[in-house]
Amino acid sequence: MKRSTFSLLILFCGAALFASPFNQPITAQPRKPNIILILTDDQGYGDVGRHGNPILKTPNLDRLHDESVRFRDFHVSPSCAPTRSALLSGRHEFKNGITHTILERERLSLKTTTLATVLKSAGYATGIFGKWHLGDEPERWPARRGFDEMFIHGCGGIGQTYAGTCGDAPGNKYFDPVINHNGSFEKTSGYCTDVFFGQASQWIKTAKGRKPFFAMITPNAPHGPLIVAEKYEKLYSDKVPADVAKFFGMVANIDENVGKLLALLKETGLERDTLLIFMNDNGGTAGVRIWNAGMRGQKITPYLGGTRAINFWRWPGTLKPAAVEQLAAHIDIFPTLAELAGAKLSPAVKAQVEGRSLVPLLRNPQANWPDRQLFTHVGRWVKDANPNDSKYTQCSVRSTRWHLVNTSKEGAKQWELYDVKADPAEQTDLAAQHPDVVKTMDAAYDRWWAEVLPRMENETAAQPAVNPYHELYWKQYGGPGPNNVPPGTKPVRR
């Protein structure tokens, strides 16, 4: 073969290899990626068109699904603060002191090293935009936990306040919300989800080219109260009950913002340098009456419907789109992103992380993936109660094939056993037929409980007489008052 012909052949093969931006596997990662992690609040696995929803339309999430490595057996915690804690720490939330979403038991232990801290140590700019829900006192804010840029609301939802330290700005609303921006409150203009995506997009544009960035976009939607602009609600008002129409409208607004973000990455030349992850924080809520992907359970239950989550990983030119069937979880995100970022973990942080890096599965969805056990507990026992009294309340142990579940609300040991590969709807209890499996998994649960019990550091935390988030708000604006925004305050437009 002549040299010129051979050269042309090589060029042709190379062009074919890179013709599609989604067909180069991660075998030779050329750079540290920018990382965008979108974490929605109370959206369920079934609240995406590609997951079979017969009513909800999500064209941009469907596109993201098609262009991603998507984990189809990916699990989170049954509620929001626990999932955020596990994701940012690489270990079960109870080991971070988080056993609830309120009552000081939503506060991330100050002993925990966060993913943001690790990525920052690897040279990343770090920002969070939306919901934090891991402590509303200043020493627990994201700005003290590894994030350079902080643009958040307080508590678990906009306008929420509970006894103790968990609270948002007084009288806050989904439209024109007051936001804590790097320690100062700003009155913004627009719908909350648009505000969070808009601010994140501005920050991404300013971060571009200076250093790799990690942006967590964490809208409080579609969490209740179910509030959205009428144009989104109208998309579904004649198809589903009124509350579901609002909920689906909130998801439609999220989908629209994801589309805008995808366009931004392309327009700014960041697309091939950016890993975009999309996921939700717990099982489904308002939408499960319409579609729950055949699963049993929803948010705040230990069944698959309480923990199975959306999980898409898009990195054009590096990750080849594919479905991954192996069992994965939120605790795996920390070690995965740390590896992709080239971060060096100290022995203490290595000991903290109990998740696995997903890099082998991102490279090859059929990679060897040994069986594992994941533990779920809904938590939420009453304040100052002995956690041991709730050891067997709303909990589960999951392996690749088996799911050991206890739904007792009185703390009795009443295990159910499901073969989730043969029975993903969890309809046939096989505990009596497989006592050996129950015994083995029950023993594993006992060992796990003994590990987590000493780490529940927030159980007897004292509650202040005045909410500290409110105190800071009143210090800036004067107060107290239920809707205390000074006359003439100009909203910051996003």
# chains A, B, ... in the order shown; residues from 1 in each chain; ligands from 1
$ residues_around --residues "range 335-341 of chain A" --least-positions-apart "5" --cutoff "12 Å" --atoms "only C-alpha atoms" --output "ChimeraX atom specification"
/A:26-37,86-91,114-125,211-214,274-277,313,315,318,328-330,346,349-363
$ select_by_dssp --residues "range 222-384 of chain A" --states "alpha helix (DSSP H)" --output "ChimeraX atom specification"
/A:230-233,242-267,304-307,333-340,347-352,359-363
$ write_last_selection --atoms "N, CA and C atoms" --output "short mmCIF file (atom, residue, chain, number, x, y, z; two decimals), in the first residue's frame"
data_model
loop_
_atom_site.label_atom_id
_atom_site.label_comp_id
_atom_site.auth_asym_id
_atom_site.auth_seq_id
_atom_site.Cartn_x
_atom_site.Cartn_y
_atom_site.Cartn_z
N GLU A 230 -48.56 29.97 35.37
CA GLU A 230 -49.77 29.37 34.80
C GLU A 230 -49.51 28.69 33.46
N LYS A 231 -48.58 29.23 32.68
CA LYS A 231 -48.36 28.66 31.35
C LYS A 231 -47.85 27.22 31.43
N TYR A 232 -47.11 26.89 32.47
CA TYR A 232 -46.63 25.52 32.64
C TYR A 232 -47.72 24.62 33.19
N GLU A 233 -48.48 25.13 34.14
CA GLU A 233 -49.59 24.36 34.69
C GLU A 233 -50.61 24.01 33.61
N ALA A 242 -55.51 18.58 39.53
CA ALA A 242 -54.96 19.94 39.61
C ALA A 242 -53.58 19.97 40.26
N ASP A 243 -53.38 19.23 41.35
CA ASP A 243 -52.08 19.27 42.00
C ASP A 243 -51.00 18.63 41.13
N VAL A 244 -51.35 17.57 40.42
CA VAL A 244 -50.37 16.93 39.54
C VAL A 244 -50.04 17.85 38.36
N ALA A 245 -51.03 18.59 37.87
CA ALA A 245 -50.79 19.54 36.78
C ALA A 245 -49.74 20.57 37.21
N LYS A 246 -49.85 21.05 38.43
CA LYS A 246 -48.85 22.00 38.94
C LYS A 246 -47.49 21.33 39.05
N PHE A 247 -47.48 20.12 39.59
CA PHE A 247 -46.22 19.38 39.75
C PHE A 247 -45.56 19.12 38.40
N PHE A 248 -46.33 18.62 37.44
CA PHE A 248 -45.79 18.39 36.10
C PHE A 248 -45.33 19.70 35.46
N GLY A 249 -46.04 20.77 35.74
CA GLY A 249 -45.63 22.08 35.23
C GLY A 249 -44.28 22.50 35.79
N MET A 250 -44.06 22.20 37.06
CA MET A 250 -42.76 22.51 37.67
C MET A 250 -41.65 21.69 37.03
N VAL A 251 -41.92 20.43 36.72
CA VAL A 251 -40.93 19.59 36.03
C VAL A 251 -40.70 20.12 34.61
N ALA A 252 -41.76 20.56 33.95
CA ALA A 252 -41.62 21.12 32.60
C ALA A 252 -40.72 22.35 32.62
N ASN A 253 -40.83 23.15 33.67
CA ASN A 253 -39.97 24.33 33.81
C ASN A 253 -38.52 23.91 34.03
N ILE A 254 -38.31 22.88 34.84
CA ILE A 254 -36.95 22.35 35.03
C ILE A 254 -36.39 21.87 33.68
N ASP A 255 -37.21 21.15 32.95
CA ASP A 255 -36.79 20.63 31.64
C ASP A 255 -36.37 21.77 30.72
N GLU A 256 -37.15 22.83 30.72
CA GLU A 256 -36.82 24.00 29.89
C GLU A 256 -35.48 24.59 30.29
N ASN A 257 -35.22 24.68 31.59
CA ASN A 257 -33.95 25.22 32.06
C ASN A 257 -32.78 24.31 31.71
N VAL A 258 -32.99 23.00 31.74
CA VAL A 258 -31.95 22.07 31.31
C VAL A 258 -31.62 22.30 29.84
N GLY A 259 -32.65 22.53 29.03
CA GLY A 259 -32.42 22.83 27.62
C GLY A 259 -31.59 24.08 27.42
N LYS A 260 -31.89 25.11 28.21
CA LYS A 260 -31.11 26.36 28.11
C LYS A 260 -29.66 26.13 28.52
N LEU A 261 -29.47 25.31 29.54
CA LEU A 261 -28.11 25.02 29.99
C LEU A 261 -27.33 24.25 28.93
N LEU A 262 -27.97 23.27 28.30
CA LEU A 262 -27.31 22.54 27.22
C LEU A 262 -26.92 23.48 26.08
N ALA A 263 -27.80 24.41 25.77
CA ALA A 263 -27.50 25.38 24.71
C ALA A 263 -26.32 26.27 25.11
N LEU A 264 -26.28 26.68 26.38
CA LEU A 264 -25.19 27.51 26.87
C LEU A 264 -23.85 26.79 26.74
N LEU A 265 -23.82 25.52 27.10
CA LEU A 265 -22.57 24.77 27.01
C LEU A 265 -22.08 24.70 25.57
N LYS A 266 -23.00 24.54 24.65
CA LYS A 266 -22.62 24.48 23.24
C LYS A 266 -22.14 25.84 22.73
N GLU A 267 -22.90 26.89 23.08
CA GLU A 267 -22.58 28.24 22.59
C GLU A 267 -21.25 28.75 23.12
N LEU A 304 -38.35 0.19 46.68
CA LEU A 304 -37.59 0.74 45.55
C LEU A 304 -38.14 2.08 45.10
N GLY A 305 -39.47 2.24 45.18
CA GLY A 305 -40.07 3.51 44.79
C GLY A 305 -39.70 4.67 45.68
N GLY A 306 -39.11 4.39 46.84
CA GLY A 306 -38.66 5.45 47.74
C GLY A 306 -37.23 5.87 47.52
N THR A 307 -36.46 5.04 46.79
CA THR A 307 -35.02 5.32 46.67
C THR A 307 -34.47 5.31 45.24
N ILE A 333 -20.93 8.89 44.08
CA ILE A 333 -20.62 10.09 43.31
C ILE A 333 -19.33 10.75 43.81
N PHE A 334 -19.14 10.80 45.12
CA PHE A 334 -17.94 11.41 45.70
C PHE A 334 -16.67 10.75 45.14
N PRO A 335 -16.49 9.43 45.30
CA PRO A 335 -15.24 8.84 44.80
C PRO A 335 -15.11 8.91 43.28
N THR A 336 -16.23 8.90 42.56
CA THR A 336 -16.17 8.99 41.10
C THR A 336 -15.64 10.34 40.66
N LEU A 337 -16.23 11.41 41.20
CA LEU A 337 -15.80 12.75 40.79
C LEU A 337 -14.40 13.07 41.30
N ALA A 338 -14.06 12.56 42.47
CA ALA A 338 -12.71 12.76 42.98
C ALA A 338 -11.68 12.12 42.03
N GLU A 339 -12.00 10.93 41.52
CA GLU A 339 -11.09 10.26 40.59
C GLU A 339 -10.99 11.01 39.27
N LEU A 340 -12.13 11.44 38.73
CA LEU A 340 -12.11 12.16 37.46
C LEU A 340 -11.38 13.49 37.57
N PRO A 347 -5.70 9.95 54.01
CA PRO A 347 -6.16 8.71 54.64
C PRO A 347 -7.48 8.87 55.38
N ALA A 348 -7.68 10.02 56.03
CA ALA A 348 -8.93 10.25 56.77
C ALA A 348 -10.13 10.30 55.83
N VAL A 349 -9.95 10.96 54.68
CA VAL A 349 -11.06 11.05 53.72
C VAL A 349 -11.31 9.70 53.07
N LYS A 350 -10.25 8.97 52.76
CA LYS A 350 -10.43 7.62 52.22
C LYS A 350 -11.21 6.75 53.18
N ALA A 351 -10.96 6.93 54.47
CA ALA A 351 -11.69 6.15 55.48
C ALA A 351 -13.14 6.59 55.59
N GLN A 352 -13.39 7.86 55.30
CA GLN A 352 -14.76 8.37 55.35
C GLN A 352 -15.62 7.79 54.24
N VAL A 359 -16.24 4.96 37.76
CA VAL A 359 -15.44 5.10 36.55
C VAL A 359 -15.37 3.80 35.74
N PRO A 360 -15.18 2.63 36.36
CA PRO A 360 -15.17 1.40 35.53
C PRO A 360 -16.45 1.22 34.72
N LEU A 361 -17.60 1.58 35.29
CA LEU A 361 -18.88 1.44 34.57
C LEU A 361 -19.08 2.55 33.56
N LEU A 362 -18.52 3.72 33.81
CA LEU A 362 -18.57 4.79 32.80
C LEU A 362 -17.73 4.41 31.59
N ARG A 363 -16.64 3.71 31.83
CA ARG A 363 -15.80 3.23 30.73
C ARG A 363 -16.47 2.09 29.99
#
$ residues_around --residues "Gly44 in chain A" --least-positions-apart "4" --cutoff "8 Å" --atoms "only C-alpha atoms" --output "PyMOL selection string"
chain A and resi 280+282-285+287-288+292+309-310
$ atom_distance --atom1 "CA of Leu110 in chain A" --atom2 "CA of His92 in chain A"
15.2 Å
$ closest_atom_pairs --of "range 248-347 of chain A" --to "range 387-411 of chain A" --cutoff "10 Å" --atoms "only C-alpha atoms" --output "JSON lines"
{"residue": "A:Ile300", "atom": "CA", "partner": "A:Gln394", "partner_atom": "CA", "distance": 8.4}
{"residue": "A:Thr301", "atom": "CA", "partner": "A:Gln394", "partner_atom": "CA", "distance": 6.5}
{"residue": "A:Pro302", "atom": "CA", "partner": "A:Cys395", "partner_atom": "CA", "distance": 5.5}
{"residue": "A:Tyr303", "atom": "CA", "partner": "A:Val405", "partner_atom": "CA", "distance": 7.0}
{"residue": "A:Leu304", "atom": "CA", "partner": "A:His403", "partner_atom": "CA", "distance": 8.6}
{"residue": "A:Glu325", "atom": "CA", "partner": "A:Thr400", "partner_atom": "CA", "distance": 9.7}
{"residue": "A:Gln326", "atom": "CA", "partner": "A:Thr400", "partner_atom": "CA", "distance": 7.5}
{"residue": "A:Leu327", "atom": "CA", "partner": "A:Thr400", "partner_atom": "CA", "distance": 6.0}
{"residue": "A:Ala328", "atom": "CA", "partner": "A:Thr400", "partner_atom": "CA", "distance": 9.5}
$ closest_atom_pairs --of "range 309-419 of chain A" --to "range 68-73 of chain A" --cutoff "6 Å" --atoms "only C-alpha atoms" --output "tab-separated table"
residue	atom	partner	partner_atom	distance
A:Asn311	CA	A:Phe71	CA	5.5
A:Phe312	CA	A:Arg70	CA	4.4
A:Trp313	CA	A:Ser68	CA	4.9
A:Arg314	CA	A:Ser68	CA	4.3
A:Pro321	CA	A:Ser68	CA	4.5
A:Ala322	CA	A:Val69	CA	4.8
A:Ala323	CA	A:Arg70	CA	5.1
A:Val324	CA	A:Phe71	CA	4.8
A:Glu325	CA	A:Arg72	CA	5.5
A:Leu327	CA	A:Asp73	CA	5.2
$ residues_around --residues "Phe196 in chain A" --least-positions-apart "2" --cutoff "12 Å" --atoms "only C-alpha atoms" --output "VMD selection string"
chain A and resid 38 to 40 127 to 131 150 to 153 174 to 181 188 to 194 198 to 203 215 to 221 254 257 to 258 261 493 to 494
$ select_by_dssp --residues "range 37-265 of chain A" --states "strand (DSSP E or B)" --output "ChimeraX atom specification"
/A:37-40,69-71,74-75,125-131,149-153,161,167,175,178-181,184-189,191,213-218
$ closest_residue --among "A:Ala143, A:Leu417, A:Val466, A:Val48" --to "Pro480 in chain A" --atoms "only C-alpha atoms"
A:Val466
$ residues_around --residues "range 166-173 of chain A" --least-positions-apart "2" --cutoff "7 Å" --atoms "only C-alpha atoms" --output "count of residues only"
24
$ atom_distance --atom1 "CA of Asn96 in chain A" --atom2 "CA of Arg296 in chain A"
28.2 Å
$ atom_distance --atom1 "CA of Tyr418 in chain A" --atom2 "CA of Gly297 in chain A"
13.5 Å
$ closest_residue --among "A:Asn368, A:Gln427, A:Thr165, A:Thr99" --to "Val452 in chain A" --atoms "only C-alpha atoms"
A:Thr99
